[in-house]
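File shown: coords-v8.cif (mmCIF, C-alpha atoms).
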data_my_file
#
loop_
_atom_site.label_atom_id
_atom_site.label_comp_id
_atom_site.auth_asym_id
_atom_site.auth_seq_id
_atom_site.Cartn_x
_atom_site.Cartn_y
_atom_site.Cartn_z
CA MET A 1 8.37 -19.37 -1.43
CA SER A 2 9.45 -16.31 -3.39
CA VAL A 3 7.98 -14.33 -6.27
CA VAL A 4 11.49 -13.23 -7.29
CA SER A 5 12.72 -16.83 -7.39
CA ALA A 6 9.69 -17.89 -9.44
CA ILE A 7 10.33 -15.13 -11.99
CA ARG A 8 14.02 -16.00 -12.28
CA THR A 9 13.48 -19.76 -12.66
CA ARG A 10 10.09 -19.59 -14.37
CA ASP A 11 8.92 -22.20 -11.88
CA ALA A 12 5.34 -21.55 -10.74
CA ALA A 13 5.84 -23.95 -7.81
CA GLU A 14 8.05 -21.24 -6.24
CA LEU A 15 5.13 -18.82 -5.99
CA PRO A 16 3.40 -18.35 -2.61
CA GLY A 17 -0.08 -19.84 -2.32
CA LYS A 18 -2.98 -20.47 0.00
CA ARG A 19 -1.06 -23.03 2.03
CA ASP A 20 1.32 -20.25 3.09
CA GLU A 21 -0.45 -18.59 6.02
CA ALA A 22 0.58 -15.04 5.13
CA TRP A 23 -0.65 -15.54 1.54
CA ARG A 24 -3.78 -17.60 2.06
CA TRP A 25 -6.06 -14.87 0.71
CA THR A 26 -3.73 -13.90 -2.17
CA ASP A 27 -3.02 -17.21 -3.85
CA LEU A 28 -0.54 -16.74 -6.67
CA ARG A 29 0.38 -20.40 -7.10
CA GLY A 30 -3.24 -21.36 -7.76
CA LEU A 31 -3.66 -18.48 -10.21
CA ILE A 32 -0.45 -18.71 -12.28
CA ARG A 33 0.19 -22.12 -13.81
CA GLN A 34 3.04 -20.96 -16.05
CA VAL A 35 5.34 -18.05 -15.22
CA PRO A 36 5.55 -15.77 -18.28
CA ALA A 37 8.76 -15.23 -20.22
CA PRO A 38 10.87 -12.18 -19.24
CA SER A 39 9.33 -8.83 -20.12
CA ASP A 40 10.59 -6.85 -23.10
CA GLU A 41 12.77 -3.80 -22.59
CA LEU A 42 10.82 -0.55 -22.88
CA ASP A 43 11.69 2.78 -24.49
CA VAL A 44 11.35 4.99 -21.41
CA SER A 45 11.41 8.17 -23.50
CA ALA A 46 8.12 7.11 -25.13
CA LEU A 47 6.23 6.79 -21.85
CA PRO A 48 3.68 9.45 -20.85
CA ALA A 49 4.36 11.52 -17.76
CA GLY A 50 3.72 9.98 -14.35
CA PRO A 51 1.21 11.37 -11.85
CA PHE A 52 3.85 13.03 -9.63
CA ASP A 53 6.52 14.10 -12.15
CA ALA A 54 5.80 17.82 -11.83
CA LEU A 55 6.28 17.77 -8.06
CA ALA A 56 9.68 16.08 -7.95
CA ASP A 57 13.29 17.23 -7.88
CA GLU A 58 14.18 13.94 -9.57
CA VAL A 59 12.18 11.35 -11.54
CA LEU A 60 13.34 7.72 -11.56
CA VAL A 61 11.69 5.18 -13.86
CA VAL A 62 11.85 1.42 -13.40
CA ALA A 63 10.27 -0.01 -16.55
CA ASN A 64 9.63 -3.75 -16.82
CA GLY A 65 12.19 -4.33 -14.08
CA ARG A 66 14.94 -2.17 -15.62
CA GLY A 67 16.13 1.25 -14.50
CA ALA A 68 17.57 3.24 -11.62
CA ALA A 69 18.10 1.14 -8.50
CA HIS A 70 19.23 3.54 -5.77
CA ILE A 71 18.04 6.71 -4.02
CA GLY A 72 20.47 8.43 -1.67
CA VAL A 73 20.00 11.39 0.65
CA GLU A 74 23.05 12.97 2.29
CA PRO A 75 23.12 14.15 5.95
CA GLY A 76 20.82 17.14 6.34
CA GLU A 77 19.77 17.07 2.66
CA SER A 78 16.12 17.42 1.58
CA LYS A 79 14.82 15.79 -1.59
CA VAL A 80 11.56 14.92 -3.39
CA VAL A 81 11.79 11.93 -5.73
CA ALA A 82 9.13 10.55 -8.08
CA LEU A 83 9.64 6.79 -8.38
CA ARG A 84 7.71 5.24 -11.27
CA ILE A 85 7.25 1.45 -11.49
CA VAL A 86 5.97 0.82 -15.03
CA SER A 87 4.71 -2.53 -16.36
CA ARG A 88 3.90 -3.11 -20.03
CA GLY A 89 3.16 -6.30 -21.96
CA ASP A 90 2.50 -9.84 -20.78
CA GLY A 91 5.94 -10.81 -19.47
CA ALA A 92 7.44 -11.20 -16.00
CA HIS A 93 9.97 -8.92 -14.33
CA ALA A 94 11.44 -8.05 -10.93
CA ALA A 95 13.33 -5.04 -9.60
CA ARG A 96 15.18 -4.15 -6.42
CA ILE A 97 15.47 -0.54 -5.26
CA SER A 98 17.57 0.63 -2.30
CA VAL A 99 16.97 3.88 -0.43
CA ASP A 100 19.45 5.31 2.08
CA VAL A 101 18.58 8.44 4.06
CA GLU A 102 21.49 9.64 6.19
CA VAL A 103 21.37 11.42 9.56
CA ALA A 104 18.75 14.20 9.62
CA GLY A 105 18.03 13.78 5.90
CA ARG A 106 14.58 14.51 4.51
CA LEU A 107 13.01 12.52 1.68
CA THR A 108 9.59 12.45 0.06
CA ILE A 109 9.05 9.43 -2.20
CA LEU A 110 6.17 9.86 -4.64
CA GLU A 111 5.78 6.30 -5.89
CA SER A 112 3.46 5.17 -8.67
CA TYR A 113 2.66 1.74 -10.10
CA GLU A 114 1.56 2.14 -13.71
CA GLY A 115 0.31 -0.95 -15.54
CA ASP A 116 -1.29 -1.50 -18.92
CA ALA A 117 -4.09 -3.92 -19.85
CA ASP A 118 -1.86 -6.97 -20.38
CA GLY A 119 -1.31 -9.90 -18.03
CA TYR A 120 2.14 -9.06 -16.65
CA LEU A 121 3.74 -10.46 -13.48
CA SER A 122 5.76 -7.87 -11.56
CA GLN A 123 7.70 -7.87 -8.28
CA THR A 124 9.34 -4.81 -6.74
CA GLY A 125 11.54 -4.92 -3.65
CA LEU A 126 12.19 -1.62 -1.85
CA MET A 127 14.88 -1.63 0.87
CA LEU A 128 14.82 1.60 2.89
CA SER A 129 17.35 2.48 5.58
CA MET A 130 17.10 5.62 7.73
CA GLY A 131 19.69 7.35 9.88
CA LYS A 132 19.09 9.03 13.24
CA ASP A 133 16.56 11.87 13.12
CA ALA A 134 15.87 11.30 9.41
CA ALA A 135 12.35 11.83 8.03
CA VAL A 136 10.70 10.05 5.10
CA GLU A 137 7.20 10.34 3.67
CA ARG A 138 6.27 7.65 1.13
CA ILE A 139 3.12 8.20 -0.93
CA VAL A 140 2.11 5.33 -3.22
CA LEU A 141 -0.50 5.38 -6.00
CA ALA A 142 -1.00 1.87 -7.40
CA SER A 143 -2.84 1.95 -10.74
CA ASP A 144 -2.25 -1.51 -12.11
CA GLY A 145 -4.08 -3.02 -15.07
CA ALA A 146 -7.08 -5.28 -14.54
CA GLU A 147 -5.13 -8.35 -15.76
CA GLY A 148 -1.85 -7.54 -14.04
CA VAL A 149 -0.31 -9.40 -11.09
CA THR A 150 1.83 -7.14 -8.92
CA VAL A 151 3.76 -7.72 -5.70
CA SER A 152 5.44 -4.77 -3.96
CA GLN A 153 7.53 -5.61 -0.88
CA ALA A 154 9.07 -2.80 1.16
CA GLU A 155 11.45 -3.33 4.09
CA VAL A 156 12.05 -0.30 6.32
CA ASP A 157 14.78 0.07 8.95
CA LEU A 158 14.12 3.01 11.26
CA ALA A 159 16.71 4.61 13.54
CA PRO A 160 16.15 6.35 16.90
CA GLY A 161 14.50 9.72 16.44
CA ALA A 162 13.53 8.96 12.83
CA SER A 163 10.08 9.52 11.34
CA PHE A 164 8.51 7.41 8.58
CA ALA A 165 5.04 8.17 7.21
CA GLN A 166 3.43 6.07 4.50
CA SER A 167 0.19 6.37 2.54
CA VAL A 168 -0.63 3.56 0.07
CA LEU A 169 -3.62 3.97 -2.25
CA THR A 170 -4.70 1.34 -4.73
CA SER A 171 -7.39 0.39 -7.21
CA GLY A 172 -6.26 -3.25 -7.25
CA ALA A 173 -5.44 -5.65 -10.10
CA ARG A 174 -6.10 -9.26 -11.03
CA ARG A 175 -3.91 -9.99 -8.02
CA GLN A 176 -2.02 -7.35 -6.12
CA ARG A 177 -0.10 -7.37 -2.84
CA LEU A 178 1.41 -4.21 -1.32
CA GLU A 179 3.48 -5.30 1.65
CA THR A 180 5.47 -3.25 4.19
CA VAL A 181 7.73 -4.67 6.91
CA VAL A 182 9.18 -2.26 9.48
CA ARG A 183 11.87 -2.77 12.11
CA HIS A 184 11.11 -0.17 14.80
CA PRO A 185 13.99 0.65 17.19
CA GLY A 186 11.97 2.66 19.71
CA GLY A 187 14.08 5.61 20.79
CA HIS A 188 11.27 8.09 20.08
CA ALA A 189 11.09 7.04 16.43
CA ASP A 190 7.66 7.68 14.93
CA LEU A 191 5.85 5.52 12.38
CA ARG A 192 2.63 6.07 10.43
CA LEU A 193 1.31 3.40 8.05
CA ASP A 194 -1.90 4.32 6.21
CA GLY A 195 -3.76 2.71 3.36
CA VAL A 196 -6.75 3.14 1.04
CA TYR A 197 -8.23 0.59 -1.37
CA LEU A 198 -10.95 1.40 -3.90
CA LEU A 199 -11.92 -1.81 -5.68
CA ALA A 200 -14.49 -2.57 -8.36
CA ASP A 201 -15.25 -5.28 -10.95
CA LYS A 202 -13.18 -8.40 -10.08
CA ARG A 203 -10.10 -6.60 -8.81
CA HIS A 204 -8.10 -7.82 -5.83
CA ALA A 205 -5.84 -5.87 -3.46
CA ASP A 206 -3.89 -7.12 -0.45
CA LEU A 207 -2.44 -4.55 1.98
CA THR A 208 -0.16 -6.38 4.39
CA THR A 209 2.02 -4.76 7.07
CA ALA A 210 4.23 -6.08 9.86
CA VAL A 211 5.87 -3.87 12.50
CA THR A 212 8.23 -5.05 15.24
CA HIS A 213 8.90 -2.69 18.15
CA GLN A 214 12.31 -3.72 19.43
CA ALA A 215 13.02 -1.22 22.24
CA VAL A 216 11.49 1.43 24.50
CA ASP A 217 9.66 4.63 23.53
CA GLY A 218 8.36 3.90 20.04
CA THR A 219 5.17 5.12 18.37
CA THR A 220 3.10 3.57 15.57
CA GLN A 221 -0.15 4.85 14.10
CA GLN A 222 -1.96 2.90 11.40
CA LEU A 223 -5.23 3.67 9.62
CA THR A 224 -6.55 1.78 6.59
CA LYS A 225 -9.90 2.37 4.93
CA GLY A 226 -11.40 0.78 1.85
CA VAL A 227 -14.39 0.44 -0.44
CA VAL A 228 -15.29 -2.68 -2.43
CA ARG A 229 -18.08 -3.20 -4.93
CA ASP A 230 -19.13 -5.65 -7.67
CA GLN A 231 -17.08 -8.87 -7.23
CA ALA A 232 -13.94 -7.22 -5.89
CA ARG A 233 -11.94 -8.62 -2.98
CA ALA A 234 -9.84 -6.74 -0.43
CA VAL A 235 -7.35 -8.19 2.04
CA PHE A 236 -5.96 -6.34 5.05
CA GLN A 237 -3.34 -7.96 7.25
CA GLY A 238 -1.77 -5.75 9.89
CA LYS A 239 0.53 -7.12 12.58
CA ILE A 240 2.28 -5.19 15.35
CA VAL A 241 4.70 -7.03 17.62
CA VAL A 242 5.93 -5.39 20.83
CA ALA A 243 9.02 -7.31 21.88
CA GLU A 244 10.06 -8.02 25.45
CA GLY A 245 11.64 -4.88 26.90
CA ALA A 246 9.96 -2.50 24.41
CA ASP A 247 8.25 -0.61 27.23
CA ARG A 248 6.36 2.63 26.73
CA THR A 249 5.39 1.61 23.20
CA ASP A 250 2.31 3.43 21.85
CA ALA A 251 0.83 1.48 18.92
CA ARG A 252 -2.65 1.92 17.44
CA MET A 253 -4.17 0.24 14.39
CA GLY A 254 -7.52 0.74 12.69
CA HIS A 255 -9.07 -0.91 9.63
CA HIS A 256 -12.52 0.09 8.35
CA ALA A 257 -14.23 -1.00 5.13
CA LEU A 258 -17.42 -0.38 3.18
CA ILE A 259 -18.94 -3.19 1.14
CA LEU A 260 -21.22 -1.80 -1.56
CA SER A 261 -22.46 -5.02 -3.18
CA ASP A 262 -23.48 -8.50 -2.08
CA ARG A 263 -20.72 -10.28 -4.01
CA ALA A 264 -17.80 -8.14 -2.84
CA GLU A 265 -15.54 -9.47 -0.08
CA VAL A 266 -13.22 -8.12 2.62
CA ASP A 267 -10.85 -10.35 4.58
CA ALA A 268 -9.24 -8.57 7.54
CA LYS A 269 -6.74 -9.80 10.10
CA PRO A 270 -5.47 -7.12 12.51
CA GLU A 271 -3.06 -8.51 15.13
CA LEU A 272 -1.22 -7.31 18.23
CA GLU A 273 1.44 -9.43 19.90
CA ILE A 274 2.63 -7.82 23.13
CA TYR A 275 5.50 -9.16 25.23
CA ALA A 276 6.13 -5.98 27.28
CA ASP A 277 4.17 -4.63 30.25
CA ASP A 278 4.14 -0.83 30.20
CA VAL A 279 2.52 -0.20 26.79
CA SER A 280 -0.47 1.55 25.25
CA CYS A 281 -1.76 -0.52 22.33
CA ALA A 282 -5.12 -0.95 20.61
CA HIS A 283 -6.65 -2.07 17.34
CA GLY A 284 -10.08 -1.82 15.74
CA ASN A 285 -11.75 -3.39 12.73
CA THR A 286 -15.16 -2.69 11.15
CA VAL A 287 -16.74 -3.87 7.90
CA GLY A 288 -20.19 -2.62 6.92
CA ALA A 289 -22.35 -0.65 4.50
CA LEU A 290 -23.00 3.04 3.98
CA ASP A 291 -25.01 4.79 6.68
CA GLU A 292 -28.57 4.61 5.33
CA ASP A 293 -29.72 7.49 7.54
CA ALA A 294 -27.05 9.78 6.11
CA LEU A 295 -27.93 8.64 2.59
CA PHE A 296 -31.62 9.30 3.21
CA TYR A 297 -30.86 12.77 4.59
CA ALA A 298 -28.77 13.67 1.52
CA ARG A 299 -31.52 12.50 -0.84
CA GLN A 300 -34.11 14.50 1.11
CA ARG A 301 -31.97 17.54 0.34
CA GLY A 302 -32.41 16.87 -3.37
CA MET A 303 -29.12 15.12 -4.06
CA PRO A 304 -29.24 12.27 -6.63
CA GLU A 305 -28.55 8.87 -5.06
CA ASP A 306 -25.34 8.16 -7.02
CA GLU A 307 -23.93 11.56 -6.11
CA ALA A 308 -24.92 11.12 -2.47
CA ARG A 309 -23.24 7.71 -2.27
CA ALA A 310 -20.06 9.08 -3.85
CA LEU A 311 -20.00 12.07 -1.49
CA LEU A 312 -20.46 9.93 1.64
CA THR A 313 -17.85 7.44 0.46
CA GLU A 314 -15.36 10.19 -0.33
CA ALA A 315 -15.84 11.63 3.16
CA PHE A 316 -15.21 8.17 4.63
CA ILE A 317 -11.93 7.80 2.70
CA GLY A 318 -10.98 11.45 3.23
CA GLU A 319 -9.85 10.85 6.82
CA VAL A 320 -6.89 8.87 5.49
CA VAL A 321 -6.11 11.23 2.60
CA ASP A 322 -6.05 14.22 4.96
CA ARG A 323 -3.16 12.65 6.89
CA ILE A 324 -0.81 12.99 3.90
CA GLY A 325 1.77 15.63 4.78
CA HIS A 326 2.96 16.71 1.30
CA GLU A 327 0.20 19.11 0.26
CA PRO A 328 0.62 19.10 -3.56
CA ALA A 329 0.74 15.28 -3.55
CA ARG A 330 -2.29 15.21 -1.26
CA ASP A 331 -4.23 17.24 -3.83
CA ILE A 332 -3.31 14.77 -6.60
CA VAL A 333 -4.32 11.85 -4.40
CA ARG A 334 -7.63 13.46 -3.50
CA ALA A 335 -8.44 13.97 -7.20
CA TRP A 336 -7.42 10.34 -7.92
CA VAL A 337 -9.77 9.11 -5.19
CA GLY A 338 -12.62 11.28 -6.45
CA ASP A 339 -12.23 10.04 -10.03
CA ARG A 340 -12.46 6.40 -8.94
CA LEU A 341 -15.39 6.88 -6.61
CA ARG A 342 -17.37 8.61 -9.32
CA GLY A 343 -16.18 6.34 -12.14
#
File written out as structure tokens:
Amino acid sequence: MSVVSAIRTRDAAELPGKRDEAWRWTDLRGLIRQVPAPSDELDVSALPAGPFDALADEVLVVANGRGAAHIGVEPGESKVVALRIVSRGDGAHAARISVDVEVAGRLTILESYEGDADGYLSQTGLMLSMGKDAAVERIVLASDGAEGVTVSQAEVDLAPGASFAQSVLTSGARRQRLETVVRHPGGHADLRLDGVYLLADKRHADLTTAVTHQAVDGTTQQLTKGVVRDQARAVFQGKIVVAEGADRTDARMGHHALILSDRAEVDAKPELEIYADDVSCAHGNTVGALDEDALFYARQRGMPEDEARALLTEAFIGEVVDRIGHEPARDIVRAWVGDRLRG
């Protein structure tokens, strides 16, 4: 099943659904009975500025599936690119973006998903290839509309000695899936995959990752934290496979969530599959409520309850935000988180 195929053929039967194991908590086939007509072309010059435009050497806009489709970094070059994925109207659209970072290149991708209030269907495929000793940091802010349906699927090919760090932050949509698949070659390549979801009302967000360690001496760190309230639903699926012969792999995964109302839901599935012997791997998963003792202490100090809850929640999420390497982008992300926690 393929979202891209469904958009091209307008056949809803092509959409993934709950009978597909990897999509059982993000059922698009049961939600969308008729795939919308193709989205209208947008006047990019009329769009407001994106959240990261001022930080970038280059701004690329993909609007309703149309726009720049390639980012290239030459050997030894360093570049900061703002990549804007804009959805407007109630149509359907898909886009494919390729990213090639040559040997020892340096790239920061400041990626934003910007949706309006209409019921669009959007798919974005990001294919990222890295050369030896290259370094990429990908920071994603997903601000889709409440009626939008968005699927983002990134495929990352690391090379020995390369470093890839990712931070995905989302406020969800009617349905939203942010997926990352990484082929890890070992060879002292380093991978960080982090995520934050802040969901309210009836919004849904699915953060799915899959990492395959293929050879010796690879490192993966993964930390995802989230907050759900009202009738929102979060999905976390993280899978790390250590293939036979991928000795001396160090892979660690953590997922931790706060549920702030009785009708909110979190579905979490962290997985490790290990076929090698000499490895150091672990995963953890917790879902709970705010620490009532800490809340009581803050209120005893004269802090209003709403402010105390927001402060404690922001501190909980802050551990992930603090891991972002690009400082100006980290400041924008921290403000984005604060606005949503206090909104």
If you apply the PyMOL selection byres ((chain A and resi 244) around 6) to this file, what residues do you get, as a compact mmCIF listing (two decimals) with C-alpha atoms, keeping the file's coordinate frame?
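Below you can see selection12.txt, which holds the result:
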# COMPACT_ATOMS: atom_id res chain seq x y z
CA ALA A 243 9.02 -7.31 21.88
CA GLY A 245 11.64 -4.88 26.90
CA ALA A 246 9.96 -2.50 24.41
CA TYR A 275 5.50 -9.16 25.23
CA ALA A 276 6.13 -5.98 27.28
Rounded to one decimal, what separation in Å do you get between CA of Arg248 in chain A and CA of Gly186 in chain A?
9.0 Å
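Between Ala154 in chain A and the candidates A:Ile97, A:Leu260, A:Ala117, A:Ile32, the tightest atom-to-atom separation, counting all atoms listed in the file, involves A:Ile97.
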Please report, as AutoDock Vina command-line options, the centre and edge lengths in Å to one decimal of an axis-aligned box covering all listed atoms of range 265-277 of chain A with 4 Å per side.
--center_x -4.7 --center_y -7.5 --center_z 15.1 --size_x 29.7 --size_y 13.7 --size_z 38.3
Target residues per the PyMOL selection byres ((chain A and resi 266-270) around 10), formatted as a PyMOL selection string
chain A and resi 25+204-209+226-228+232-240+253-259+264-265+271-272+283-288
Taking all atoms listed in the file into account, which of A:Asp217, A:Asp116, A:Glu58, A:Asp194 comes nearest Val320 in chain A?
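Checking each of A:Asp217, A:Asp116, A:Glu58, A:Asp194 against Val320 in chain A, counting all atoms listed in the file, the winner is A:Asp194.
Among the candidates A:Gly318, A:Arg24, A:Ala134, A:Pro328, the one nearest to Ala56 in chain A when counting only C-alpha atoms is A:Pro328.
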Calculated over all atoms listed in the file, which of the candidates A:Gly338, A:Gly89, A:Pro36, A:Gly195 has the smallest distance to Val140 in chain A?
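Using all atoms listed in the file, the shortest distance to Val140 in chain A belongs to A:Gly195.
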Rank nothing, just name the residue among A:Arg84, A:His213, A:Arg29, A:Lys202 nearest to Asp190 in chain A, using all atoms listed in the file.
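Looking only at the distances to Asp190 in chain A, the closest residue turns out to be A:His213.
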Residues in the PyMOL selection byres ((chain A and resi 141-145) around 6), expressed as a PyMOL selection string
chain A and resi 112-117+140+146-148+169-171+173
Quick one, how far is CA of Ile85 in chain A from CA of Val62 in chain A?
5.0 Å
Please determine, counting only C-alpha atoms, which residue among A:Ala104, A:Val81, A:Leu121, A:Leu178 has the shortest atom-to-atom distance to Ala12 in chain A.
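Answer, going by the shortest atom-to-atom distance: A:Leu121.
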At what distance in Å, to one decimal, does CA of Val151 in chain A lie from CA of Gly125 in chain A?
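These two atoms are separated by 8.5 Å.
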Write out as a ChimeraX atom specification each polymer residue whose atoms come within 7 Å of Ser39 in chain A, counting all atoms listed in the file; drop sequence neighbours fewer than 3 positions from it.
/A:64,89-93
How about saving the chosen residues, C-alpha atoms kept, as a short mmCIF file (atom, residue, chain, number, x, y, z; two decimals), in the frame of the given file?
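Just written: out12.cif:
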data_model
loop_
_atom_site.label_atom_id
_atom_site.label_comp_id
_atom_site.auth_asym_id
_atom_site.auth_seq_id
_atom_site.Cartn_x
_atom_site.Cartn_y
_atom_site.Cartn_z
CA ASN A 64 9.63 -3.75 -16.82
CA GLY A 89 3.16 -6.30 -21.96
CA ASP A 90 2.50 -9.84 -20.78
CA GLY A 91 5.94 -10.81 -19.47
CA ALA A 92 7.44 -11.20 -16.00
CA HIS A 93 9.97 -8.92 -14.33
#
Ile324 in chain A surroundings by all atoms listed in the file, 12 Å radius, close-in-sequence under 2 positions cut, as an MDAnalysis selection string:
chainID A and resid 108 110 136:140 164:169 192:196 223 318:322 326:334
Could you write out that same residue set with C-alpha atoms as a PDB file, in the frame of the given file?
ATOM      1  CA  THR A 108       9.590  12.450   0.060  1.00  0.00           C
ATOM      2  CA  LEU A 110       6.170   9.860  -4.640  1.00  0.00           C
ATOM      3  CA  VAL A 136      10.700  10.050   5.100  1.00  0.00           C
ATOM      4  CA  GLU A 137       7.200  10.340   3.670  1.00  0.00           C
ATOM      5  CA  ARG A 138       6.270   7.650   1.130  1.00  0.00           C
ATOM      6  CA  ILE A 139       3.120   8.200  -0.930  1.00  0.00           C
ATOM      7  CA  VAL A 140       2.110   5.330  -3.220  1.00  0.00           C
ATOM      8  CA  PHE A 164       8.510   7.410   8.580  1.00  0.00           C
ATOM      9  CA  ALA A 165       5.040   8.170   7.210  1.00  0.00           C
ATOM     10  CA  GLN A 166       3.430   6.070   4.500  1.00  0.00           C
ATOM     11  CA  SER A 167       0.190   6.370   2.540  1.00  0.00           C
ATOM     12  CA  VAL A 168      -0.630   3.560   0.070  1.00  0.00           C
ATOM     13  CA  LEU A 169      -3.620   3.970  -2.250  1.00  0.00           C
ATOM     14  CA  ARG A 192       2.630   6.070  10.430  1.00  0.00           C
ATOM     15  CA  LEU A 193       1.310   3.400   8.050  1.00  0.00           C
ATOM     16  CA  ASP A 194      -1.900   4.320   6.210  1.00  0.00           C
ATOM     17  CA  GLY A 195      -3.760   2.710   3.360  1.00  0.00           C
ATOM     18  CA  VAL A 196      -6.750   3.140   1.040  1.00  0.00           C
ATOM     19  CA  LEU A 223      -5.230   3.670   9.620  1.00  0.00           C
ATOM     20  CA  GLY A 318     -10.980  11.450   3.230  1.00  0.00           C
ATOM     21  CA  GLU A 319      -9.850  10.850   6.820  1.00  0.00           C
ATOM     22  CA  VAL A 320      -6.890   8.870   5.490  1.00  0.00           C
ATOM     23  CA  VAL A 321      -6.110  11.230   2.600  1.00  0.00           C
ATOM     24  CA  ASP A 322      -6.050  14.220   4.960  1.00  0.00           C
ATOM     25  CA  HIS A 326       2.960  16.710   1.300  1.00  0.00           C
ATOM     26  CA  GLU A 327       0.200  19.110   0.260  1.00  0.00           C
ATOM     27  CA  PRO A 328       0.620  19.100  -3.560  1.00  0.00           C
ATOM     28  CA  ALA A 329       0.740  15.280  -3.550  1.00  0.00           C
ATOM     29  CA  ARG A 330      -2.290  15.210  -1.260  1.00  0.00           C
ATOM     30  CA  ASP A 331      -4.230  17.240  -3.830  1.00  0.00           C
ATOM     31  CA  ILE A 332      -3.310  14.770  -6.600  1.00  0.00           C
ATOM     32  CA  VAL A 333      -4.320  11.850  -4.400  1.00  0.00           C
ATOM     33  CA  ARG A 334      -7.630  13.460  -3.500  1.00  0.00           C
TER      34      ARG A 334
END
Could you add the missing atoms to range 255-260 of chain A, up to all heavy atoms, and return them as a short mmCIF file (atom, residue, chain, number, x, y, z; two decimals), in the coordinates of the input?
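Here's the written file part-v4.cif:
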data_model
loop_
_atom_site.label_atom_id
_atom_site.label_comp_id
_atom_site.auth_asym_id
_atom_site.auth_seq_id
_atom_site.Cartn_x
_atom_site.Cartn_y
_atom_site.Cartn_z
N HIS A 255 -8.69 -0.53 10.99
CA HIS A 255 -9.07 -0.91 9.63
C HIS A 255 -10.59 -0.83 9.52
O HIS A 255 -11.30 -1.40 10.35
CB HIS A 255 -8.62 -2.32 9.28
CG HIS A 255 -9.22 -2.83 8.01
ND1 HIS A 255 -10.28 -3.74 8.00
CD2 HIS A 255 -8.96 -2.54 6.70
CE1 HIS A 255 -10.62 -3.98 6.75
NE2 HIS A 255 -9.85 -3.28 5.95
N HIS A 256 -11.08 -0.11 8.51
CA HIS A 256 -12.52 0.09 8.35
C HIS A 256 -12.86 0.01 6.86
O HIS A 256 -12.20 0.64 6.03
CB HIS A 256 -12.94 1.43 8.93
CG HIS A 256 -12.46 1.65 10.33
ND1 HIS A 256 -13.01 1.01 11.41
CD2 HIS A 256 -11.41 2.39 10.79
CE1 HIS A 256 -12.35 1.37 12.51
NE2 HIS A 256 -11.38 2.20 12.16
N ALA A 257 -13.90 -0.76 6.53
CA ALA A 257 -14.23 -1.00 5.13
C ALA A 257 -15.72 -0.84 4.88
O ALA A 257 -16.55 -1.13 5.76
CB ALA A 257 -13.77 -2.39 4.70
N LEU A 258 -16.05 -0.42 3.67
CA LEU A 258 -17.42 -0.38 3.18
C LEU A 258 -17.58 -1.40 2.07
O LEU A 258 -16.79 -1.44 1.13
CB LEU A 258 -17.77 1.01 2.63
CG LEU A 258 -17.79 2.18 3.62
CD1 LEU A 258 -18.07 3.48 2.86
CD2 LEU A 258 -18.83 1.97 4.70
N ILE A 259 -18.60 -2.24 2.19
CA ILE A 259 -18.94 -3.19 1.14
C ILE A 259 -20.22 -2.71 0.46
O ILE A 259 -21.26 -2.58 1.10
CB ILE A 259 -19.14 -4.61 1.71
CG1 ILE A 259 -17.84 -5.11 2.33
CG2 ILE A 259 -19.61 -5.56 0.63
CD1 ILE A 259 -17.94 -6.52 2.90
N LEU A 260 -20.11 -2.44 -0.85
CA LEU A 260 -21.22 -1.80 -1.56
C LEU A 260 -21.97 -2.74 -2.48
O LEU A 260 -22.81 -2.30 -3.26
CB LEU A 260 -20.70 -0.59 -2.35
CG LEU A 260 -19.99 0.50 -1.53
CD1 LEU A 260 -19.64 1.69 -2.41
CD2 LEU A 260 -20.84 0.94 -0.34
#
